[in-house]
Structures are given as structure tokens and as C-alpha cells.
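Everything below concerns the one structure shown next.
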Amino acid sequence: MIATAEAVSLNRVAAVADGELVLRALAGREDGFEELVRRYQRPIVAYVYRMVGDYDAALDLAQEVFIKVYNSLTRYRPEFKFSTWIYRIAHNAAIDHLRRTGSARTEDLEVETEGGRTFEKPLASRAPTPEQETERGERRAEIEEVVRQLPAAYRELIVLRHSHDLSYDEIAEVTCLPLGTVKNRIFRAREAMRELLVARGIKGT
């Protein structure tokens, strides 16, 4: 019965909107911020890792992000999505890290390239065969490698759009880029990815 009660309590917390959790945290309730960390820790670590390419650094940066989030909760404006706000903080942390370590020059964050046509992530089947699962695993690895080869500015936009399902408007808010620039760069990034994938012998993506 205790385990069941705990599960029910967790489900209730999970059903609470982000904005309500922020209010709980501001009121001094630890469960509010703990739930926000639980919801966003993995996606933020994954996002930062794909930005900086170093998992240990990504863990450290994610911790910095949540510390900054906690200290900045009073400045959060509830009319905006919390997810967009926290991704914006993570974006700044990753860019600052890249500049500090010299991993990316400022011009690398603004570069544009030419390419082929558009790329879309393949949708997973409901019941893939072992062979299909193996093939998809290999395909995902190829795509990840191609994403890593993109210029930093393009790589981030592709990650936000396809791995974290942010809308174009949300990506524009996270990166502080004009909406038209976001759409143009994502289109060009997909073109560049398709060229790289075709060069690897992968077609039909």
C-alpha cells in the first residue's frame, strides 16, 4: 500500500504543469524544484553534450544550468514556456564553454554552407524485427556522426528541432535568432546532412 501511495503521489506531481512547479519552488517547497530537475535533467544533459561533445563537461554544465535556474526563478515569466527558458540558459552555458575552451570560434557559430535537399529523421516502426533494429541502430549512428560534422550553429538547431522537438518559434527564442534565420539555417543544415549521408551511401532519408 505504501508503494502504491508513493506511485500515486509521483503521478500527481508529474501531472503538475511546469509553471505550478516554479510557484511551489518559489514558495519554498523542495518537491517543486526537484520535479523540474527530474523532468529536464536528461534532455538538458543530452542537448549540452551534443553542443560541446564532452560528456563530463556536459554534466558539469548541466549542473551549472540548474543552479542558475534555481537562482533565477524569480525572474521567470510565466507567460513563456519554462522549457524554452531553461533551454535558453543551457544554450548560453554551452556557448560560453565553447568560447572559453576555444572549441568553437565565434565565426564558426555563424557559418553557413550549401548542400543538397532536405533530411527528415526516420520514424520508428511499432514492432521492428531484430534486423530492422540493427539497421536502424547503424543508421542512427551514421546520422549522429553527420550531425557532429555540421558547423556549430547548424548542429544546435538540428538538435533542438529533431531531438528535443522545439518549434521554430521556440528555437528562435532559445538562440535569439530571427525566425527567418532559424528556418533558413535548419533548411540548409538538412541539405548539408543529406549530402553527407549520400556521400556515405545512405539514401532515402
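If you're wondering about the labels, chains in the C-alpha cells are A, B, ... by order shown, residues count from 1 in each chain, ligands from 1 in order shown.
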
*asked:* Would you pick out the contacts of A:Gly32 at 6 Å or less, using only C-alpha atoms, so that residues sharing its chain but fewer than 4 positions from it are not included, and give the list as a ChimeraX atom specification?
replied: /A:21,24-25

Those selected residues, please, written with N, CA and C atoms and delivered as an mmCIF file, in the first residue's frame.
data_model
loop_
_atom_site.group_PDB
_atom_site.id
_atom_site.type_symbol
_atom_site.label_atom_id
_atom_site.label_comp_id
_atom_site.auth_asym_id
_atom_site.auth_seq_id
_atom_site.Cartn_x
_atom_site.Cartn_y
_atom_site.Cartn_z
ATOM 1 N N LEU A 21 5.022 24.175 -10.739
ATOM 2 C CA LEU A 21 6.207 23.702 -10.022
ATOM 3 C C LEU A 21 7.134 24.871 -9.679
ATOM 4 N N ARG A 24 5.700 26.506 -6.696
ATOM 5 C CA ARG A 24 5.984 25.716 -5.500
ATOM 6 C C ARG A 24 7.417 25.949 -5.024
ATOM 7 N N ALA A 25 8.347 25.959 -5.982
ATOM 8 C CA ALA A 25 9.749 26.166 -5.625
ATOM 9 C C ALA A 25 9.944 27.546 -5.006
#

_Which residues are near A:Ser83? Cut-off 10 Å, only C-alpha atoms, ignore same chain within fewer than 3 positions. Put them as a count of residues only._
12

_Need the shell around A:Ala90: protein/DNA/RNA residues with any atom at most 12 Å away, counting only C-alpha atoms. Skip same-chain ones fewer than 4 positions apart. Format as a ChimeraX atom specification?_
/A:40-41,43-52,58-69,83-86,94-97,156,160,174-175

_Polymer residues at most 12 Å from A:Ser167, only C-alpha atoms, same-chain spacing of 3 or more positions, as JSON, numbers by chain_ = {"A": [81, 83, 84, 157, 158, 159, 160, 161, 162, 163, 164, 170, 171, 172, 173, 174, 179, 182, 183, 186]}

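Using only C-alpha atoms, the smallest distance between any of A:Asp56, A:Tyr76, A:Glu195, A:Tyr168 and A:Leu26 comes from A:Tyr76.
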
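The space separating atom CA of A:Leu150 from atom CA of A:Ile89 comes to 22.3 Å.
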
*Computed interatomic separation between atom CA of A:Ile143 and atom CA of A:Leu197 (Å)*: 7.5 Å
